[in-house]
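Colleague: So that you have it, the file is data-v7.cif, and it contains mmCIF, C-alpha atoms and all ligand atoms:
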```cif
data_work
loop_
_atom_site.label_atom_id
_atom_site.label_comp_id
_atom_site.auth_asym_id
_atom_site.auth_seq_id
_atom_site.Cartn_x
_atom_site.Cartn_y
_atom_site.Cartn_z
CA MET E 1 -6.12 2.75 18.13
CA ARG E 2 -4.80 2.06 14.67
CA LYS E 3 -1.03 2.44 14.32
CA PRO E 4 -0.27 4.59 11.29
CA LEU E 5 1.56 2.99 8.37
CA VAL E 6 3.67 4.74 5.78
CA ALA E 7 4.75 2.54 2.89
CA GLY E 8 7.02 3.37 -0.03
CA ASN E 9 6.16 1.86 -3.40
CA TRP E 10 9.40 2.00 -5.37
CA LYS E 11 7.65 0.70 -8.53
CA MET E 12 10.10 -0.34 -11.28
CA ASN E 13 12.92 1.94 -10.15
CA GLY E 14 16.43 1.43 -8.90
CA THR E 15 19.77 -0.22 -9.58
CA ARG E 16 21.88 -2.15 -7.08
CA GLU E 17 23.70 1.08 -6.42
CA THR E 18 20.71 3.41 -5.93
CA VAL E 19 18.89 0.77 -3.86
CA SER E 20 21.96 0.45 -1.67
CA ALA E 21 22.11 4.23 -1.18
CA LEU E 22 18.41 4.37 -0.36
CA LEU E 23 18.71 1.54 2.16
CA ASP E 24 21.79 3.13 3.77
CA GLY E 25 19.91 6.40 4.05
CA LEU E 26 16.92 4.71 5.67
CA GLN E 27 19.12 2.85 8.15
CA THR E 28 21.06 5.96 9.10
CA GLY E 29 18.01 8.20 9.24
CA LEU E 30 16.06 5.82 11.43
CA SER E 31 18.93 4.94 13.74
CA GLY E 32 18.78 8.54 14.94
CA GLU E 33 15.00 8.36 15.41
CA LYS E 34 14.23 5.14 17.22
CA GLU E 35 10.92 6.49 18.53
CA LEU E 36 9.57 7.00 15.02
CA GLY E 37 9.55 3.28 14.33
CA ASN E 38 7.60 2.68 17.54
CA LYS E 39 4.94 5.18 16.63
CA VAL E 40 4.62 4.58 12.88
CA ASP E 41 4.87 1.32 10.95
CA ILE E 42 7.20 1.88 8.02
CA ALA E 43 7.46 -0.37 4.98
CA VAL E 44 8.97 -0.44 1.50
CA PHE E 45 7.91 -2.28 -1.64
CA PRO E 46 11.02 -2.73 -3.81
CA PRO E 47 11.08 -4.48 -7.18
CA ALA E 48 11.13 -8.22 -6.33
CA ILE E 49 14.62 -8.70 -7.69
CA PHE E 50 16.03 -6.50 -4.91
CA ALA E 51 14.32 -8.47 -2.12
CA GLN E 52 17.55 -10.03 -0.85
CA GLN E 53 19.36 -6.70 -0.82
CA VAL E 54 16.48 -5.12 1.09
CA ALA E 55 16.27 -8.02 3.54
CA ASP E 56 20.02 -7.84 4.22
CA ALA E 57 19.88 -4.12 4.94
CA LEU E 58 16.62 -3.86 6.87
CA THR E 59 16.50 -7.02 8.97
CA SER E 60 17.41 -5.36 12.23
CA THR E 61 15.58 -2.10 11.56
CA ALA E 62 11.96 -1.09 12.20
CA VAL E 63 11.23 -1.15 8.46
CA SER E 64 9.21 -4.00 6.92
CA TRP E 65 9.17 -4.89 3.25
CA GLY E 66 6.99 -6.59 0.72
CA LEU E 67 6.37 -7.20 -2.97
CA GLN E 68 4.42 -5.04 -5.40
CA ASN E 69 2.49 -7.97 -6.83
CA ILE E 70 2.02 -11.68 -6.19
CA CYS E 71 0.85 -14.73 -8.10
CA THR E 72 -2.08 -16.69 -6.72
CA GLU E 73 -0.56 -19.99 -7.82
CA GLU E 74 1.82 -21.86 -5.57
CA LYS E 75 4.43 -22.91 -8.14
CA GLY E 76 4.87 -24.21 -11.65
CA ALA E 77 4.60 -23.01 -15.21
CA PHE E 78 3.78 -19.33 -14.61
CA THR E 79 6.59 -17.49 -16.38
CA GLY E 80 7.47 -14.15 -14.87
CA GLU E 81 5.45 -14.59 -11.68
CA THR E 82 6.47 -14.66 -8.02
CA SER E 83 4.75 -16.84 -5.42
CA VAL E 84 3.82 -16.06 -1.85
CA VAL E 85 6.23 -18.74 -0.65
CA MET E 86 9.06 -17.07 -2.57
CA ALA E 87 8.18 -13.70 -1.03
CA GLN E 88 8.31 -15.28 2.41
CA GLU E 89 11.73 -16.80 1.67
CA PHE E 90 12.95 -13.20 1.64
CA SER E 91 11.05 -12.29 4.81
CA CYS E 92 8.49 -10.17 3.00
CA THR E 93 5.56 -9.50 5.31
CA MET E 94 3.36 -7.47 2.97
CA VAL E 95 2.15 -7.41 -0.60
CA LEU E 96 0.39 -4.81 -2.73
CA ALA E 97 -2.72 -6.01 -4.54
CA GLY E 98 -4.53 -4.18 -7.30
CA HIS E 99 -2.35 -1.12 -7.66
CA SER E 100 -3.93 1.04 -10.37
CA GLU E 101 -0.95 0.40 -12.67
CA ARG E 102 -1.56 -3.35 -12.37
CA ARG E 103 -5.25 -2.81 -13.08
CA SER E 104 -4.82 -0.44 -16.02
CA LEU E 105 -1.59 -1.66 -17.66
CA TYR E 106 -1.86 -5.40 -16.97
CA GLY E 107 -5.62 -5.83 -17.01
CA GLU E 108 -6.06 -7.07 -13.45
CA THR E 109 -9.76 -7.38 -12.69
CA ASP E 110 -11.51 -7.01 -9.35
CA ALA E 111 -11.71 -10.80 -9.21
CA ASP E 112 -7.96 -11.17 -9.84
CA VAL E 113 -7.21 -8.64 -7.13
CA ALA E 114 -9.53 -10.36 -4.65
CA ALA E 115 -7.78 -13.67 -5.35
CA LYS E 116 -4.41 -12.06 -4.65
CA VAL E 117 -5.63 -10.55 -1.38
CA ASP E 118 -7.00 -13.94 -0.39
CA ARG E 119 -3.80 -15.78 -1.28
CA ALA E 120 -1.53 -13.30 0.51
CA GLY E 121 -3.75 -13.03 3.58
CA GLN E 122 -4.14 -16.80 3.90
CA ALA E 123 -0.38 -17.12 3.91
CA GLY E 124 -0.09 -14.61 6.75
CA LEU E 125 1.14 -11.70 4.65
CA ILE E 126 -0.44 -8.26 5.05
CA PRO E 127 -2.36 -7.56 1.84
CA VAL E 128 -2.46 -3.88 0.89
CA LEU E 129 -5.50 -3.54 -1.36
CA CYS E 130 -5.28 -0.50 -3.64
CA VAL E 131 -8.48 1.15 -4.84
CA GLY E 132 -9.32 4.44 -6.51
CA GLU E 133 -11.23 6.21 -9.26
CA SER E 134 -10.03 7.76 -12.52
CA LEU E 135 -10.46 11.45 -13.29
CA GLU E 136 -13.42 10.72 -15.60
CA GLU E 137 -15.08 8.70 -12.85
CA ARG E 138 -14.57 11.48 -10.28
CA GLU E 139 -15.93 14.07 -12.68
CA ALA E 140 -18.97 11.88 -13.30
CA ASN E 141 -19.55 11.63 -9.51
CA GLN E 142 -18.81 7.92 -9.60
CA THR E 143 -16.01 7.89 -7.03
CA MET E 144 -17.80 5.89 -4.35
CA GLU E 145 -19.48 3.64 -6.88
CA VAL E 146 -16.06 2.60 -8.21
CA VAL E 147 -14.32 2.35 -4.85
CA SER E 148 -17.23 0.39 -3.33
CA ARG E 149 -17.18 -2.05 -6.23
CA GLN E 150 -13.43 -2.59 -5.78
CA VAL E 151 -13.68 -3.08 -2.01
CA LYS E 152 -16.83 -5.23 -2.15
CA ALA E 153 -15.24 -7.63 -4.62
CA VAL E 154 -12.62 -8.40 -2.00
CA LEU E 155 -15.07 -8.60 0.92
CA GLU E 156 -17.22 -11.01 -1.06
CA GLN E 157 -14.52 -13.21 -2.53
CA ALA E 158 -11.68 -13.31 -0.03
CA SER E 159 -11.96 -15.55 3.01
CA PRO E 160 -12.51 -13.78 6.36
CA ALA E 161 -9.20 -15.20 7.64
CA SER E 162 -7.31 -13.53 4.81
CA LEU E 163 -8.74 -10.14 5.79
CA GLU E 164 -7.51 -10.13 9.39
CA LYS E 165 -4.54 -7.88 8.63
CA LEU E 166 -5.95 -6.18 5.53
CA VAL E 167 -4.77 -2.66 4.75
CA ILE E 168 -6.59 -0.57 2.14
CA ALA E 169 -4.89 2.18 0.16
CA TYR E 170 -7.20 4.76 -1.39
CA GLU E 171 -5.30 6.11 -4.37
CA PRO E 172 -7.24 8.33 -6.77
CA VAL E 173 -5.76 7.41 -10.15
CA TRP E 174 -5.68 11.09 -11.19
CA ALA E 175 -3.39 11.85 -8.25
CA ILE E 176 -0.83 9.10 -8.85
CA GLY E 177 2.44 10.51 -10.13
CA THR E 178 0.74 13.67 -11.36
CA GLY E 179 1.59 16.12 -8.58
CA LEU E 180 -2.16 16.54 -8.00
CA THR E 181 -3.41 15.38 -4.61
CA ALA E 182 -6.86 14.92 -3.22
CA THR E 183 -7.64 17.68 -0.73
CA PRO E 184 -7.64 16.53 2.90
CA GLU E 185 -11.46 16.81 2.78
CA GLN E 186 -11.74 14.69 -0.37
CA ALA E 187 -9.47 12.04 1.12
CA GLN E 188 -11.28 11.95 4.48
CA GLU E 189 -14.66 11.72 2.74
CA VAL E 190 -13.69 8.64 0.73
CA HIS E 191 -11.86 7.04 3.67
CA ALA E 192 -14.92 7.48 5.90
CA SER E 193 -17.15 5.93 3.23
CA ILE E 194 -14.79 2.97 2.88
CA ARG E 195 -14.88 2.47 6.64
CA GLU E 196 -18.69 2.61 6.61
CA LEU E 197 -18.72 -0.03 3.91
CA LEU E 198 -16.41 -2.25 5.98
CA ALA E 199 -18.64 -1.71 9.04
CA LYS E 200 -21.64 -3.12 7.17
CA HIS E 201 -19.59 -6.24 6.63
CA ASP E 202 -17.87 -6.52 10.02
CA ALA E 203 -17.66 -3.81 12.70
CA ASP E 204 -14.40 -5.08 14.21
CA MET E 205 -12.79 -5.15 10.84
CA ALA E 206 -13.91 -1.59 10.14
CA ALA E 207 -12.35 -0.42 13.39
CA ARG E 208 -9.02 -2.17 12.91
CA THR E 209 -8.41 -1.82 9.15
CA ARG E 210 -5.87 0.84 8.27
CA ILE E 211 -6.87 2.97 5.30
CA LEU E 212 -3.92 4.75 3.68
CA TYR E 213 -4.04 7.62 1.24
CA GLY E 214 -1.85 7.52 -1.87
CA GLY E 215 -1.32 9.89 -4.78
CA SER E 216 1.46 12.50 -4.87
CA VAL E 217 2.03 12.45 -1.11
CA LYS E 218 5.00 14.67 -0.25
CA GLY E 219 6.63 16.00 2.88
CA SER E 220 4.80 19.27 2.32
CA ASN E 221 1.24 17.86 2.12
CA ALA E 222 1.41 14.67 4.21
CA ALA E 223 0.55 16.13 7.63
CA GLU E 224 -2.67 17.80 6.49
CA ILE E 225 -3.85 14.72 4.60
CA PHE E 226 -2.98 12.36 7.47
CA ALA E 227 -4.90 14.58 9.91
CA GLY E 228 -8.22 13.10 8.73
CA PRO E 229 -9.62 10.78 11.42
CA ASP E 230 -10.01 7.94 8.92
CA VAL E 231 -6.63 8.45 7.24
CA ASP E 232 -4.15 6.03 8.81
CA GLY E 233 -1.02 6.89 6.85
CA GLY E 234 0.08 6.81 3.25
CA LEU E 235 1.27 4.80 0.28
CA VAL E 236 4.01 6.84 -1.31
CA GLY E 237 5.43 6.43 -4.81
CA GLY E 238 7.83 9.05 -6.18
CA ALA E 239 8.70 10.64 -2.85
CA SER E 240 9.68 7.27 -1.35
CA LEU E 241 12.74 7.19 -3.61
CA ASN E 242 14.22 10.12 -1.72
CA VAL E 243 15.23 9.27 1.85
CA GLN E 244 14.66 12.73 3.30
CA ASP E 245 11.25 13.11 1.65
CA PHE E 246 10.19 9.64 2.74
CA LEU E 247 11.31 10.16 6.33
CA SER E 248 9.54 13.49 6.55
CA ILE E 249 6.33 11.77 5.39
CA CYS E 250 6.86 9.09 8.07
CA ARG E 251 7.24 11.85 10.68
CA ALA E 252 4.03 13.50 9.46
CA ALA E 253 2.14 10.30 10.29
CA ASP E 254 3.20 10.44 13.93
P1 LIG F 301 2.94 8.73 -6.24
O1 LIG F 301 2.52 7.19 -6.35
O2 LIG F 301 3.19 9.01 -4.77
O3 LIG F 301 4.17 8.86 -7.07
O4 LIG F 301 1.81 9.54 -6.74
C1 LIG F 301 1.67 6.60 -5.41
C2 LIG F 301 1.43 5.16 -5.76
O5 LIG F 301 1.33 4.84 -6.95
O6 LIG F 301 1.34 4.29 -4.87
#
```
Starting from the file, lay out its structure as structure tokens.
Ligand code: PGA
Modeller:
Amino acid sequence: MRKPLVAGNWKMNGTRETVSALLDGLQTGLSGEKELGNKVDIAVFPPAIFAQQVADALTSTAVSWGLQNICTEEKGAFTGETSVVMAQEFSCTMVLAGHSERRSLYGETDADVAAKVDRAGQAGLIPVLCVGESLEEREANQTMEVVSRQVKAVLEQASPASLEKLVIAYEPVWAIGTGLTATPEQAQEVHASIRELLAKHDADMAARTRILYGGSVKGSNAAEIFAGPDVDGGLVGGASLNVQDFLSICRAAD
């Protein structure tokens, strides 16, 4: 049985004050719902600069945290980057790799993303590999072609050891931050195909890998999307900035 995971991607949002309010809300909300943390893994991805604040607030809660991006180099002259070792200094246990905004705005290639998954996984972090097609690609019936290419690049390049804890997030680019969501059927179809692809590579891996859905997940649509047998939770952007919305999405994954 795969334990569902709901993760909040805060993107480049927040001030000390709003982050503090969000963390307080999470602590308070979850202290009244201890069971939820046993049934659903919950995680947040804050901007790296808030890692200490997040670690201070969440250390004795059921919530894990991670970074939105990682450098594959260990240290040195890489201005603006954050290493895996630095992430671990702040008790990060997860890292996003290949979010569509990193791919489209910062030119990350499949090979770059695979290297990040490998680096994070080798260090014992949980890599959350993000994949998904654009609207043009969906309309041209290229969804699985694109998603397969993105997943295969990682299966081919990353070491098997780095994929032990791999999580995949299927996030159709047209659904991210747009208010449009894939229908539960569309999500399940792609998730099942991703799992089939994993099974060709390694049956155990296919059975254990959690595949999250992302793209305008809200309290009102989470339960029906998460009901798909191959949908193991969600990666949540906008709605993760609101404690009540985020908690209701976590409950929907139970
Ligand atoms: P959204 O973002 O929930 O705001 O659509 C999802 C994501 O980018 O991970």
Colleague: So, with all atoms listed in the file as the atoms that count, which of E:Arg149, E:Lys116, E:Lys39, E:Lys218 lies closest to ligand LIG 301 (chain F)?
Modeller: E:Lys218
Colleague: Would you mind telling me which residue in E:Thr183, E:Ser193, E:Ser91, E:Asn242 lies nearest to Ser60 in chain E when using only C-alpha atoms?
Modeller: E:Ser91
Colleague: If we count only C-alpha atoms and set the cut-off at 12 Å, which residues sit around Thr209 in chain E, ignoring sequence neighbours fewer than 6 positions away in its own chain? Please answer as a PyMOL selection string.
Modeller: chain E and resi 1-5+126-129+163-169+191-192+194-199+202-203+230-233
Colleague: In terms of the shortest atom-to-atom distance over only C-alpha atoms, which of E:Val190, E:Leu23, E:Leu180, E:Leu125 is closest to Val147 in chain E?
Modeller: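 Ranked by minimum distance to Val147 in chain E, first place goes to E:Val190.
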Colleague: For a quick check of understanding, using all atoms listed in the file, which of E:Gly29, E:Pro172, E:Gly237, E:Gly8 has the smallest distance to Trp65 in chain E?
Modeller: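 So, comparing all the options, the nearest one is E:Gly8.
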Colleague: Restricting the calculation to only C-alpha atoms: of E:Ser64, E:Ser240, E:Thr79, E:Gln150, which residue gets closest to Val40 in chain E?
Modeller: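 Ranking E:Ser64, E:Ser240, E:Thr79, E:Gln150 by distance to Val40 in chain E, first place goes to E:Ser64.
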Colleague: When you count all atoms listed in the file, which of these residues is closest to Leu235 in chain E: E:Met144, E:Val54, E:Val131, E:Ala77?
Modeller: E:Val131
Colleague: Between CA of Leu36 in chain E and CA of Phe246 in chain E, what distance in Å does the model show, to one decimal?
Modeller: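 Atom-to-atom, CA of Leu36 in chain E and CA of Phe246 in chain E are spaced 12.6 Å apart.
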Colleague: I'd like the neighbourhood of range 47-52 of chain E as a list in words, where a residue qualifies if any of its atoms comes within 6 Å (using only C-alpha atoms), though same-chain residues fewer than 3 positions away should be ignored.
Modeller: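 Answer for this query is Met12, Ala55 and Leu67 of chain E.
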Colleague: Which residues of chain E have any atom within 10 Å of an atom in ligand LIG 301 (chain F) when counting all atoms listed in the file, and what is the closest pair of atoms for each, with the distance in Å to one decimal? Order the rows by chain and rising number and write it as a tab-separated table.
Modeller:
```
residue	atom	partner	partner_atom	distance
E:Ala7	CA	F:LIG301	O6	8.7
E:Gly8	CA	F:LIG301	O6	7.5
E:Asn9	CA	F:LIG301	O6	5.6
E:Trp10	CA	F:LIG301	O6	8.4
E:Lys11	CA	F:LIG301	O5	7.7
E:Phe45	CA	F:LIG301	O6	9.8
E:Gln68	CA	F:LIG301	O6	9.8
E:Leu96	CA	F:LIG301	O6	9.4
E:His99	CA	F:LIG301	O5	7.0
E:Ser100	CA	F:LIG301	O5	7.3
E:Glu101	CA	F:LIG301	O5	7.6
E:Cys130	CA	F:LIG301	O6	8.3
E:Ala169	CA	F:LIG301	O6	8.3
E:Tyr170	CA	F:LIG301	O6	9.2
E:Glu171	CA	F:LIG301	O6	6.9
E:Pro172	CA	F:LIG301	O4	9.1
E:Val173	CA	F:LIG301	O5	8.2
E:Trp174	CA	F:LIG301	O4	8.8
E:Ala175	CA	F:LIG301	O4	5.9
E:Ile176	CA	F:LIG301	O4	3.4
E:Gly177	CA	F:LIG301	O4	3.6
E:Thr178	CA	F:LIG301	O4	6.3
E:Gly179	CA	F:LIG301	O4	6.8
E:Leu180	CA	F:LIG301	O4	8.1
E:Thr181	CA	F:LIG301	O4	8.1
E:Tyr213	CA	F:LIG301	O6	8.8
E:Gly214	CA	F:LIG301	C1	5.1
E:Gly215	CA	F:LIG301	O4	3.7
E:Ser216	CA	F:LIG301	O4	3.5
E:Val217	CA	F:LIG301	O2	5.2
E:Lys218	CA	F:LIG301	O2	7.5
E:Gly234	CA	F:LIG301	O6	8.6
E:Leu235	CA	F:LIG301	O6	5.2
E:Val236	CA	F:LIG301	O2	4.2
E:Gly237	CA	F:LIG301	O1	3.4
E:Gly238	CA	F:LIG301	O3	3.8
E:Ala239	CA	F:LIG301	O2	6.1
E:Ser240	CA	F:LIG301	O2	7.5
E:Leu241	CA	F:LIG301	O3	9.4
```
Colleague: What is the CA of Val117 in chain E-CA of Thr143 in chain E distance in Å, reported with one decimal?
Modeller: 21.9 Å
Colleague: With all atoms of range 156-168 of chain E from the file as input, state the centre and edge lengths in Å to one decimal of the axis-aligned box that has 3 Å extra on each side, as AutoDock Vina command-line options.
Modeller:
```
--center_x -10.9 --center_y -8.1 --center_z 3.4 --size_x 18.7 --size_y 21.0 --size_z 17.9
```
Colleague: Figure out the distance between CA of Gly132 in chain E and CA of Arg103 in chain E, please, to one decimal in Å.
Modeller: 10.6 Å
Colleague: Pull the closest atom pair for each residue of range 36-86 of chain E that gets at most 12 Å from range 250-254 of chain E, along with the distance in Å to one decimal, counting all atoms listed in the file, ordering rows by chain and then ascending residue number, as CSV.
Modeller:
```
residue,atom,partner,partner_atom,distance
E:Leu36,CA,E:Arg251,CA,6.9
E:Gly37,CA,E:Cys250,CA,9.0
E:Asn38,CA,E:Asp254,CA,9.6
E:Lys39,CA,E:Asp254,CA,6.2
E:Val40,CA,E:Asp254,CA,6.1
E:Asp41,CA,E:Cys250,CA,8.5
E:Ile42,CA,E:Cys250,CA,7.2
E:Ala43,CA,E:Cys250,CA,10.0
E:Val44,CA,E:Cys250,CA,11.8
E:Val63,CA,E:Cys250,CA,11.1
```
